[in-house]
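Student: Here you go, this is model_28.txt (compact mmCIF, C-alpha atoms).
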```txt
# COMPACT_ATOMS: atom_id res chain seq x y z
CA MET V 148 94.80 -1.51 -22.49
CA SER V 149 96.29 -0.32 -19.24
CA LYS V 150 94.43 -0.17 -15.94
CA ASN V 151 94.64 3.62 -15.88
CA ASN V 152 93.06 3.90 -19.34
CA THR V 153 90.17 1.65 -18.25
CA LEU V 154 89.43 3.84 -15.21
CA SER V 155 89.61 6.94 -17.36
CA ASN V 156 87.04 5.57 -19.81
CA LYS V 157 84.67 4.62 -16.95
CA ASN V 158 84.89 8.08 -15.46
CA LYS V 159 83.94 9.59 -18.81
CA THR V 160 80.65 7.65 -18.80
CA LEU V 161 79.61 8.90 -15.36
CA SER V 162 77.68 12.16 -14.98
CA PRO V 163 79.41 14.90 -12.98
CA PRO V 164 77.94 15.34 -9.44
CA ASN V 165 76.64 18.82 -10.32
CA ASN V 166 74.63 17.44 -13.24
CA ARG V 167 73.10 14.70 -11.11
CA ALA V 168 72.09 17.22 -8.44
CA LYS V 169 70.59 19.45 -11.12
CA LYS V 170 68.53 16.57 -12.53
CA VAL V 171 67.26 15.64 -9.06
CA GLY V 172 66.35 19.28 -8.44
CA VAL V 173 64.44 19.51 -11.72
CA ILE V 174 62.51 16.31 -10.97
CA ALA V 175 61.68 17.50 -7.45
CA ALA V 176 60.52 20.87 -8.78
CA ARG V 177 58.28 19.21 -11.36
CA ILE V 178 56.75 16.93 -8.72
CA LEU V 179 56.15 19.91 -6.43
CA PHE V 180 54.58 21.86 -9.30
CA VAL V 181 52.21 18.98 -10.11
CA LEU V 182 51.18 18.64 -6.45
CA VAL V 183 50.55 22.37 -5.99
CA LEU V 184 48.51 22.62 -9.19
CA LEU V 185 46.43 19.55 -8.36
CA ILE V 186 45.76 20.72 -4.80
CA ALA V 187 44.76 24.15 -6.10
CA ALA V 188 42.42 22.55 -8.63
CA LEU V 189 40.87 20.23 -6.05
CA TRP V 190 40.33 23.11 -3.62
CA ALA V 191 38.66 25.20 -6.32
CA GLY V 192 36.54 22.24 -7.38
CA LEU V 193 35.43 21.57 -3.81
CA ILE V 194 34.39 25.20 -3.28
CA LEU V 195 32.32 25.27 -6.44
CA TRP V 196 30.88 21.80 -5.85
CA VAL V 197 29.60 22.90 -2.43
CA HIS V 198 28.43 26.40 -3.29
CA LEU V 199 26.72 25.49 -6.57
CA ILE V 200 24.69 22.69 -4.99
CA ASP V 201 21.41 24.45 -5.87
CA TYR V 202 22.41 24.54 -9.57
CA PRO V 203 23.27 20.91 -10.45
CA ILE V 204 23.58 21.41 -14.24
CA LEU V 205 25.76 24.50 -13.85
CA ARG V 206 27.81 22.70 -11.20
CA GLY V 207 28.44 19.75 -13.51
CA VAL V 208 29.49 22.04 -16.37
CA VAL V 209 31.79 24.16 -14.15
CA ILE V 210 33.48 21.14 -12.56
CA THR V 211 34.05 19.59 -16.00
CA LEU V 212 35.59 22.82 -17.31
CA ILE V 213 37.84 23.15 -14.25
CA THR V 214 39.03 19.58 -14.69
CA LEU V 215 39.81 20.05 -18.37
CA PHE V 216 41.44 23.44 -17.84
CA SER V 217 43.62 22.05 -15.04
CA LEU V 218 44.72 19.03 -17.08
CA VAL V 219 45.57 21.14 -20.14
CA THR V 220 47.50 23.61 -17.98
CA LEU V 221 49.38 20.78 -16.33
CA LYS V 222 50.25 19.05 -19.61
CA SER V 223 51.32 22.22 -21.42
CA SER V 224 53.39 23.42 -18.47
CA LEU V 225 55.25 20.13 -18.13
CA SER V 226 55.91 19.89 -21.87
CA GLN V 227 56.53 23.68 -22.11
CA ASN V 228 54.84 23.96 -25.47
CA SER V 229 54.27 27.28 -27.24
CA TYR V 230 51.29 28.31 -25.09
CA TRP V 231 52.24 26.95 -21.66
CA GLN V 232 52.84 30.36 -20.08
CA GLY V 233 49.43 31.60 -21.21
CA TRP V 234 47.67 28.54 -19.81
CA LEU V 235 49.50 28.87 -16.49
CA VAL V 236 48.79 32.60 -16.18
CA GLY V 237 45.11 31.95 -16.95
CA PHE V 238 44.90 29.20 -14.34
CA ILE V 239 46.54 31.35 -11.66
CA SER V 240 44.34 34.35 -12.50
CA LEU V 241 41.10 32.39 -12.26
CA TRP V 242 42.27 30.69 -9.05
CA LEU V 243 43.10 34.07 -7.47
CA LEU V 244 39.67 35.43 -8.42
CA LEU V 245 38.00 32.43 -6.78
CA ALA V 246 40.23 32.78 -3.71
CA ALA V 247 39.34 36.48 -3.41
CA TRP V 248 35.61 35.66 -3.59
CA PHE V 249 36.05 32.87 -1.03
CA ILE V 250 37.88 35.15 1.42
CA TRP V 251 35.21 37.81 0.99
CA LEU V 252 32.25 35.39 1.38
CA PRO V 253 30.50 36.56 4.57
CA PRO V 254 28.63 34.36 7.06
CA LYS V 255 24.97 35.29 7.50
CA GLU V 256 22.41 35.39 10.28
CA ASP V 257 19.26 35.33 8.17
CA ARG V 258 18.88 31.97 6.44
CA PRO V 259 16.03 29.40 6.48
CA TRP V 260 17.52 27.51 9.44
CA MET V 261 16.57 24.07 10.63
CA ALA V 262 14.33 24.21 13.70
CA GLU V 263 17.02 22.86 16.04
CA VAL V 264 19.34 25.83 15.34
CA SER V 265 16.74 28.45 14.45
CA GLN V 266 17.13 30.45 17.66
CA VAL V 267 20.22 32.24 18.98
CA LEU V 268 21.29 31.73 22.57
CA GLN V 269 21.05 34.92 24.61
CA PHE V 270 21.47 35.64 28.31
CA THR V 271 20.96 38.30 30.95
CA GLN V 272 22.75 38.73 34.26
CA SER V 273 21.10 39.78 37.50
CA PRO V 274 22.22 43.33 38.40
CA SER V 275 22.24 42.42 42.09
CA ASN V 276 23.94 39.01 41.80
CA PRO V 277 26.40 38.43 38.92
CA ASN V 278 26.22 34.67 39.51
CA LEU V 279 22.52 34.58 38.57
CA ILE V 280 22.32 34.07 34.82
CA THR V 281 19.10 33.76 32.85
CA LEU V 282 19.54 31.95 29.55
CA HIS V 283 17.06 32.62 26.76
CA ASN V 284 16.38 30.17 23.93
CA VAL V 285 17.45 27.03 25.75
CA ARG V 286 16.49 24.10 23.53
CA ASN V 287 14.08 21.60 25.05
CA PHE V 288 12.63 19.67 22.10
CA ASP V 289 10.80 16.35 22.20
CA TRP V 290 12.24 13.88 19.69
CA VAL V 291 11.05 10.53 18.33
CA ARG V 292 12.11 8.21 15.53
CA ALA V 293 10.28 8.64 12.26
CA PRO V 294 7.30 6.34 11.69
CA GLY V 295 8.33 3.20 9.82
CA SER V 296 12.05 3.63 10.50
CA GLU V 297 14.10 0.58 11.39
CA LYS V 298 14.06 -0.64 14.96
CA LEU V 299 16.78 0.79 17.17
CA VAL V 300 18.69 -1.94 18.99
CA GLN V 301 21.26 -0.52 21.37
CA PRO V 302 24.72 -2.15 21.54
CA THR V 303 25.65 -3.66 24.90
CA GLU V 304 29.40 -3.16 24.41
CA PRO V 305 31.47 -0.14 23.35
CA TYR V 306 30.70 0.66 19.73
CA TYR V 307 31.45 3.71 17.58
CA PHE V 308 28.99 3.60 14.69
CA LYS V 309 25.30 4.28 14.38
CA ALA V 310 23.16 1.47 15.73
CA VAL V 311 20.95 1.85 12.66
CA GLU V 312 22.01 1.81 9.03
CA LYS V 313 20.00 4.82 7.94
CA GLY V 314 20.52 8.17 9.61
CA GLY V 315 18.28 11.19 9.70
CA GLN V 316 15.39 9.34 11.31
CA ASP V 317 14.78 11.90 14.06
CA VAL V 318 11.55 13.86 14.12
CA VAL V 319 10.64 16.81 16.33
CA VAL V 320 7.35 16.19 18.09
CA ASN V 321 7.41 19.40 20.05
CA GLU V 322 9.62 22.38 19.23
CA ARG V 323 10.11 24.18 22.52
CA TRP V 324 12.54 26.94 23.47
CA SER V 325 12.62 27.89 27.12
CA GLU V 326 14.37 30.04 29.69
CA ARG V 327 16.52 28.81 32.52
CA THR V 328 17.98 30.77 35.40
CA VAL V 329 21.07 29.23 36.93
CA ASP V 330 23.26 30.20 39.86
CA LEU V 331 26.93 29.83 38.95
CA SER V 332 27.83 29.61 42.65
CA LYS V 333 25.90 26.30 42.63
CA LEU V 334 27.97 24.70 39.87
CA SER V 335 29.09 21.31 41.10
CA GLY V 336 30.91 19.72 38.15
CA VAL V 337 31.27 19.27 34.42
CA ASP V 338 31.00 16.25 32.12
CA ILE V 339 32.42 15.83 28.62
CA ILE V 340 30.15 13.88 26.28
CA ASN V 341 31.37 12.29 23.06
CA SER V 342 28.93 11.04 20.44
CA TYR V 343 30.14 8.72 17.65
CA TRP V 344 28.56 7.66 14.37
CA MET V 345 31.42 7.07 11.93
CA GLY V 346 34.16 5.27 13.87
CA GLU V 347 36.28 5.89 16.94
CA GLN V 348 38.49 8.61 15.40
CA ILE V 349 35.85 11.32 15.05
CA GLY V 350 33.02 12.27 17.38
CA HIS V 351 30.87 15.23 18.38
CA THR V 352 31.86 16.76 21.71
CA LEU V 353 29.45 18.41 24.16
CA LEU V 354 29.84 19.73 27.70
CA SER V 355 27.27 19.33 30.46
CA PHE V 356 27.44 21.49 33.57
CA ARG V 357 26.12 20.01 36.80
CA PHE V 358 24.48 22.08 39.56
CA GLU V 359 23.87 21.36 43.22
CA ASP V 360 20.14 22.06 43.07
CA GLU V 361 19.32 21.94 39.33
CA ARG V 362 19.40 19.41 36.51
CA PRO V 363 22.45 19.65 34.24
CA LEU V 364 22.66 22.03 31.29
CA SER V 365 24.45 21.06 28.07
CA PHE V 366 26.34 23.25 25.62
CA SER V 367 27.21 22.26 22.08
CA ILE V 368 29.10 23.98 19.28
CA GLU V 369 27.03 23.08 16.22
CA ILE V 370 26.94 23.66 12.50
CA ARG V 371 23.97 25.88 11.77
CA LYS V 372 22.27 23.86 9.08
CA GLU V 373 19.67 25.23 6.72
CA GLU V 374 16.42 23.35 6.17
CA ASP V 375 17.69 21.41 3.15
CA GLU V 376 21.24 20.80 4.40
CA SER V 377 22.94 17.82 6.00
CA PHE V 378 26.31 17.51 7.68
CA SER V 379 29.33 17.42 5.41
CA ALA V 380 32.90 17.30 6.71
CA PHE V 381 34.13 18.54 3.32
CA GLY V 382 31.59 21.37 3.30
CA GLY V 383 32.92 22.44 6.69
CA PHE V 384 36.28 23.19 5.06
CA VAL V 385 34.86 25.63 2.47
CA LYS V 386 32.38 27.83 4.33
CA GLN V 387 29.22 25.82 3.86
CA PHE V 388 27.99 26.21 7.44
CA GLU V 389 27.79 28.98 9.99
CA MET V 390 28.55 28.15 13.61
CA ALA V 391 26.04 28.07 16.47
CA VAL V 392 26.26 27.77 20.24
CA VAL V 393 23.34 25.70 21.52
CA ALA V 394 22.35 25.47 25.18
CA SER V 395 20.02 22.55 25.75
CA GLU V 396 18.48 20.17 28.22
CA GLU V 397 20.13 16.75 28.16
CA ARG V 398 16.72 15.19 27.52
CA ASP V 399 16.89 16.94 24.15
CA ILE V 400 20.42 17.23 22.78
CA VAL V 401 21.85 14.02 24.28
CA TYR V 402 18.69 11.88 24.18
CA THR V 403 18.14 12.49 20.47
CA ARG V 404 21.65 11.20 19.77
CA SER V 405 21.45 8.07 21.92
CA ASN V 406 17.78 7.10 21.58
CA VAL V 407 16.64 8.53 18.26
CA ARG V 408 19.58 8.75 15.85
CA GLY V 409 21.31 5.70 17.29
CA GLU V 410 24.66 7.42 17.74
CA GLN V 411 26.96 5.99 20.41
CA VAL V 412 27.21 8.36 23.37
CA TYR V 413 29.82 8.32 26.14
CA MET V 414 29.88 10.53 29.23
CA PHE V 415 33.09 11.32 31.12
CA PRO V 416 33.02 13.35 34.34
CA ILE V 417 36.01 15.64 34.86
CA GLN V 418 38.00 15.89 38.09
CA GLY V 419 40.51 18.42 39.37
CA LEU V 420 38.79 21.64 38.25
CA SER V 421 37.92 24.37 40.71
CA GLN V 422 34.54 26.06 40.83
CA GLN V 423 36.16 29.25 39.56
CA GLN V 424 37.52 27.40 36.52
CA VAL V 425 34.14 25.81 35.79
CA GLN V 426 32.44 29.19 36.15
CA GLN V 427 34.94 30.68 33.71
CA LEU V 428 34.25 27.88 31.26
CA PHE V 429 30.50 28.43 31.55
CA ARG V 430 30.95 32.16 30.95
CA ALA V 431 33.23 31.40 27.98
CA TYR V 432 30.30 29.66 26.29
CA LEU V 433 28.14 32.68 26.94
CA GLU V 434 30.81 34.93 25.47
CA GLN V 435 30.98 32.72 22.38
CA ALA V 436 27.20 33.03 22.00
CA LYS V 437 27.40 36.80 22.46
CA GLN V 438 30.08 37.11 19.77
CA LEU V 439 28.01 35.07 17.33
CA GLN V 440 25.00 37.22 18.05
CA GLN V 441 27.03 40.32 17.19
CA ALA V 442 28.79 38.80 14.17
CA PRO V 443 28.21 35.29 12.79
CA LYS V 444 31.23 33.05 12.10
CA TRP V 445 31.92 30.17 9.77
CA TYR V 446 32.24 26.68 11.19
CA ASN V 447 35.47 25.01 10.11
CA THR V 448 35.91 21.24 10.17
CA LEU V 449 39.56 21.53 11.19
CA ILE V 450 40.19 24.67 13.23
CA ARG V 451 36.80 25.88 14.49
CA ASN V 452 34.62 22.92 15.35
CA CYS V 453 32.73 21.31 18.22
CA THR V 454 35.95 20.20 19.95
CA THR V 455 38.62 22.78 19.12
CA VAL V 456 36.45 25.67 20.35
CA ILE V 457 35.95 23.91 23.71
CA PHE V 458 39.67 23.36 24.19
CA ASP V 459 40.51 26.89 23.05
CA MET V 460 38.25 28.13 25.85
CA ALA V 461 39.67 25.64 28.36
CA ARG V 462 43.28 26.43 27.45
CA ALA V 463 42.58 30.14 27.87
CA ILE V 464 41.57 29.33 31.45
CA ASP V 465 44.33 26.80 32.23
CA SER V 466 46.89 25.80 29.62
CA VAL V 467 48.66 23.51 32.13
CA ASP V 468 45.71 21.17 32.69
CA PHE V 469 44.75 21.33 29.01
CA PRO V 470 47.98 21.25 26.95
CA TRP V 471 47.80 21.08 23.17
CA ASP V 472 47.55 17.55 21.80
CA TYR V 473 46.81 16.06 18.36
CA ARG V 474 43.80 14.26 19.88
CA ILE V 475 42.00 17.59 20.11
CA LEU V 476 41.83 17.42 16.31
CA MET V 477 41.07 13.67 16.35
CA SER V 478 38.06 14.38 18.57
CA GLY V 479 37.11 10.74 19.03
CA TYR V 480 40.21 10.30 21.19
CA VAL V 481 39.44 13.19 23.55
CA PRO V 482 38.54 10.75 26.39
CA ASN V 483 41.98 9.13 26.04
CA TYR V 484 43.55 12.58 26.22
CA LEU V 485 41.61 13.32 29.42
CA TYR V 486 42.73 10.00 30.89
CA ASP V 487 46.40 10.70 30.15
CA GLN V 488 46.08 14.16 31.70
CA GLY V 489 44.68 12.69 34.92
CA LEU V 490 41.34 14.47 34.44
CA LEU V 491 39.12 11.39 34.76
CA PRO V 492 38.08 10.55 38.33
CA GLU V 493 39.97 7.87 40.22
CA GLN V 494 37.26 7.30 42.84
CA LEU V 495 33.69 6.01 42.76
CA ASN V 496 31.50 6.46 45.84
CA ASP V 497 34.57 7.63 47.80
CA LYS V 498 36.46 4.43 46.99
CA ALA V 499 39.41 4.14 44.64
CA HIS V 500 38.87 2.28 41.39
CA GLN V 501 41.41 0.98 38.89
CA TRP V 502 39.65 1.63 35.60
CA ASP V 503 41.88 1.57 32.55
CA MET V 504 40.69 3.27 29.35
CA GLU V 505 38.88 0.16 28.15
CA GLN V 506 36.88 0.01 31.40
CA TRP V 507 36.18 3.72 31.19
CA TYR V 508 34.56 3.28 27.79
CA ILE V 509 32.44 0.43 29.16
CA ASN V 510 31.24 2.43 32.17
CA ALA V 511 30.83 5.70 30.27
CA HIS V 512 28.73 4.15 27.48
CA VAL V 513 25.29 5.76 27.70
CA ASN V 514 23.37 3.63 25.16
CA PRO V 515 23.11 0.40 27.20
CA LYS V 516 21.83 2.41 30.17
CA VAL V 517 18.99 3.94 28.17
CA ALA V 518 18.16 0.98 25.92
CA ASN V 519 14.66 0.76 27.43
CA PHE V 520 14.24 4.47 28.10
CA SER V 521 11.11 5.52 26.23
CA PHE V 522 9.62 8.73 24.90
CA GLU V 523 7.18 8.63 27.82
CA ASP V 524 10.05 8.23 30.30
CA ASN V 525 11.73 11.27 28.76
CA LYS V 526 8.83 13.55 29.67
CA ASP V 527 10.30 13.73 33.18
CA PRO V 528 13.08 16.36 32.82
CA GLU V 529 15.12 14.78 35.63
CA ALA V 530 14.91 11.16 34.46
CA TYR V 531 17.35 11.08 31.54
CA PRO V 532 20.20 12.96 33.32
CA GLN V 533 19.93 10.56 36.26
CA LYS V 534 19.83 7.47 34.05
CA VAL V 535 22.94 8.28 32.01
CA ARG V 536 25.04 8.92 35.14
CA GLN V 537 24.38 5.55 36.73
CA GLY V 538 27.64 3.87 37.69
CA LEU V 539 29.71 6.98 37.04
CA PRO V 540 31.69 9.05 39.55
CA GLN V 541 30.51 12.60 40.19
CA PRO V 542 33.65 14.21 41.58
CA LYS V 543 33.46 17.36 43.64
CA LEU V 544 35.13 20.49 42.42
CA ALA V 545 38.59 21.24 43.74
CA PRO V 546 38.89 23.99 46.36
```
Can you turn what I pasted into structure tokens?

Tutor:
Amino acid sequence: MSKNNTLSNKNKTLSPPNNRAKKVGVIAARILFVLVLLIAALWAGLILWVHLIDYPILRGVVITLITLFSLVTLKSSLSQNSYWQGWLVGFISLWLLLAAWFIWLPPKEDRPWMAEVSQVLQFTQSPSNPNLITLHNVRNFDWVRAPGSEKLVQPTEPYYFKAVEKGGQDVVVNERWSERTVDLSKLSGVDIINSYWMGEQIGHTLLSFRFEDERPLSFSIEIRKEEDESFSAFGGFVKQFEMAVVASEERDIVYTRSNVRGEQVYMFPIQGLSQQQVQQLFRAYLEQAKQLQQAPKWYNTLIRNCTTVIFDMARAIDSVDFPWDYRILMSGYVPNYLYDQGLLPEQLNDKAHQWDMEQWYINAHVNPKVANFSFEDNKDPEAYPQKVRQGLPQPKLAP
């Protein structure tokens, strides 16, 4: 056999390039179809799992039916049997009905709320001095650990998990909502507080505003839990929780995290902001509270949470100092973001320091500072704010 005949026979056994491309396209399309259908089924299952929580038997039946229906639709569509189009049309129709209900589902104001989010922040402004703001429903609870709960031993080094194995051990001794009048011309600084309980990637972010002649005031974007609810990151994706703006004394909202729940709390003072910028940020919180009073909103784990709302407000004031960064979504790394942006102070007691990020976490760690801070100590409203700021810079606002 000649060499040319051999090459000719080999070429006959090879698929034409167009056929190979077509096969690859078909495989890619099938993979994409499987992924889309599975994601759609998981999303539908998550919605129904969360919103049928009060009906466990019904929830189990519905989830089982969705699983079976999805698998049959997937199998028949891939094999393209006699009924595959009917199964697929049925799946899409039911999914669209669920999506329509989900989009329509309205947030509510009147639910049996937990005590800590039962009141809505309101405020009034002095007609003669726009800088004088009176805040109504400022939270000032007294918290203790539940009787018989495990002993809380505070870590002495940076740590990002609860110091106790079992959560939910906080008990309200005294439910107290108060009024506070503040003068925005006396704002002297702002601190970002991160609280961790499930690793260094994710934390809860709060802001505390310092005043020249008053104790600090903290703001927190919270999920508005009902009496029988607990936090769920997955539930936050599918409209389980409304959103709340809470204004609170640090002896309440920060103390309960560090000294009652055993979360790991870190405080980072911010430098480089002007008083006008800090005033705008304070007013932005008030505007958020006003909007929620007029129309409640859903909390969203990804796009409307305790951290993203803060940075949306900050970026509206100054997008240069607060550029977009993935660490705004990975909220546990917000302090690292602040460090890279040059927003953490470089001086302590008017002397330069050379703290890297590791040293910042050591100095900012609140828990070791309040390891022996008792319930009795916390009765003094000034004591806790002073204790947690020991060893930290308190930079002045920029001109």

Student: Excluding same-chain residues fewer than 2 positions from segment 489-500 of chain V, what lies within 8 Å of it counting only C-alpha atoms, as a VMD selection string?

Tutor: chain V and resid 415 to 419 485 to 487 502 539 to 542

Student: From the list V:Asn341, V:Gln411, V:Gln501, V:Gln440, which residue is nearest Glu304 of chain V when using only C-alpha atoms?

Tutor: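 Of all the options, V:Gln411 lies closest to Glu304 of chain V.
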
Student: Record the distance separating atom CA of Thr220 of chain V and atom CA of Ala247 of chain V, expressed in Å with one decimal.

Tutor: 21.1 Å

Student: For Ser332 of chain V, work out the shell of residues within 10 Å, counting only C-alpha atoms and skipping chain neighbours fewer than 4 positions away, then give it as a list of chain:residue names.

Tutor: V:Pro277, V:Asn278, V:Leu279, V:Phe358, V:Glu359, V:Gln422, V:Gln423, V:Gln426

Student: Could you check how far atom CA of Leu235 of chain V sits from atom CA of Thr214 of chain V, in Å to one decimal?

Tutor: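 These atoms are spaced 14.1 Å apart.
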
Student: Between V:Trp251, V:Val385, V:Asp375, V:Phe308, which one has atoms that come closest to Leu189 of chain V, using all atoms listed in the file?

Tutor: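 Using all atoms listed in the file, Leu189 of chain V sits closest to V:Val385.
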
Student: Measure the distance from atom CA of Gln424 of chain V to atom CA of Thr352 of chain V in Å and round it to one decimal.

Tutor: 19.1 Å

Student: Which one of V:Ser367, V:Ser335, V:Thr328, V:Ser521 sits closest to Trp290 of chain V if you count only C-alpha atoms?

Tutor: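 Between V:Ser367, V:Ser335, V:Thr328, V:Ser521, the residue approaching Trp290 of chain V most closely is V:Ser521.
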
Student: Please produce segment 282-295 of chain V, completed to N, CA and C atoms, as a PDB file, in the coordinates of the input.

Tutor:
```
ATOM      1  N   LEU V 282      19.270  32.309  30.937  1.00  0.00           N
ATOM      2  CA  LEU V 282      19.540  31.950  29.550  1.00  0.00           C
ATOM      3  C   LEU V 282      18.236  31.910  28.776  1.00  0.00           C
ATOM      4  N   HIS V 283      18.231  32.582  27.639  1.00  0.00           N
ATOM      5  CA  HIS V 283      17.060  32.620  26.760  1.00  0.00           C
ATOM      6  C   HIS V 283      17.334  31.737  25.541  1.00  0.00           C
ATOM      7  N   ASN V 284      16.286  31.093  25.076  1.00  0.00           N
ATOM      8  CA  ASN V 284      16.380  30.170  23.930  1.00  0.00           C
ATOM      9  C   ASN V 284      17.216  28.932  24.266  1.00  0.00           C
ATOM     10  N   VAL V 285      16.886  28.338  25.403  1.00  0.00           N
ATOM     11  CA  VAL V 285      17.450  27.030  25.750  1.00  0.00           C
ATOM     12  C   VAL V 285      16.603  25.973  25.058  1.00  0.00           C
ATOM     13  N   ARG V 286      17.238  25.087  24.318  1.00  0.00           N
ATOM     14  CA  ARG V 286      16.490  24.100  23.530  1.00  0.00           C
ATOM     15  C   ARG V 286      15.993  22.975  24.421  1.00  0.00           C
ATOM     16  N   ASN V 287      14.716  22.636  24.233  1.00  0.00           N
ATOM     17  CA  ASN V 287      14.080  21.600  25.050  1.00  0.00           C
ATOM     18  C   ASN V 287      13.057  20.855  24.200  1.00  0.00           C
ATOM     19  N   PHE V 288      13.525  20.341  23.059  1.00  0.00           N
ATOM     20  CA  PHE V 288      12.630  19.670  22.100  1.00  0.00           C
ATOM     21  C   PHE V 288      12.284  18.266  22.579  1.00  0.00           C
ATOM     22  N   ASP V 289      11.166  17.770  22.074  1.00  0.00           N
ATOM     23  CA  ASP V 289      10.800  16.350  22.200  1.00  0.00           C
ATOM     24  C   ASP V 289      11.072  15.682  20.862  1.00  0.00           C
ATOM     25  N   TRP V 290      11.832  14.568  20.908  1.00  0.00           N
ATOM     26  CA  TRP V 290      12.240  13.880  19.690  1.00  0.00           C
ATOM     27  C   TRP V 290      11.727  12.434  19.697  1.00  0.00           C
ATOM     28  N   VAL V 291      11.380  11.948  18.500  1.00  0.00           N
ATOM     29  CA  VAL V 291      11.050  10.530  18.330  1.00  0.00           C
ATOM     30  C   VAL V 291      11.648  10.065  16.998  1.00  0.00           C
ATOM     31  N   ARG V 292      11.695   8.746  16.826  1.00  0.00           N
ATOM     32  CA  ARG V 292      12.110   8.210  15.530  1.00  0.00           C
ATOM     33  C   ARG V 292      10.955   8.301  14.546  1.00  0.00           C
ATOM     34  N   ALA V 293      11.301   8.491  13.292  1.00  0.00           N
ATOM     35  CA  ALA V 293      10.280   8.640  12.260  1.00  0.00           C
ATOM     36  C   ALA V 293       9.443   7.376  12.143  1.00  0.00           C
ATOM     37  N   PRO V 294       8.153   7.522  11.872  1.00  0.00           N
ATOM     38  CA  PRO V 294       7.300   6.340  11.690  1.00  0.00           C
ATOM     39  C   PRO V 294       7.832   5.451  10.572  1.00  0.00           C
ATOM     40  N   GLY V 295       7.874   4.147  10.826  1.00  0.00           N
ATOM     41  CA  GLY V 295       8.330   3.200   9.820  1.00  0.00           C
ATOM     42  C   GLY V 295       9.833   3.033   9.734  1.00  0.00           C
TER      43      GLY V 295
END
```
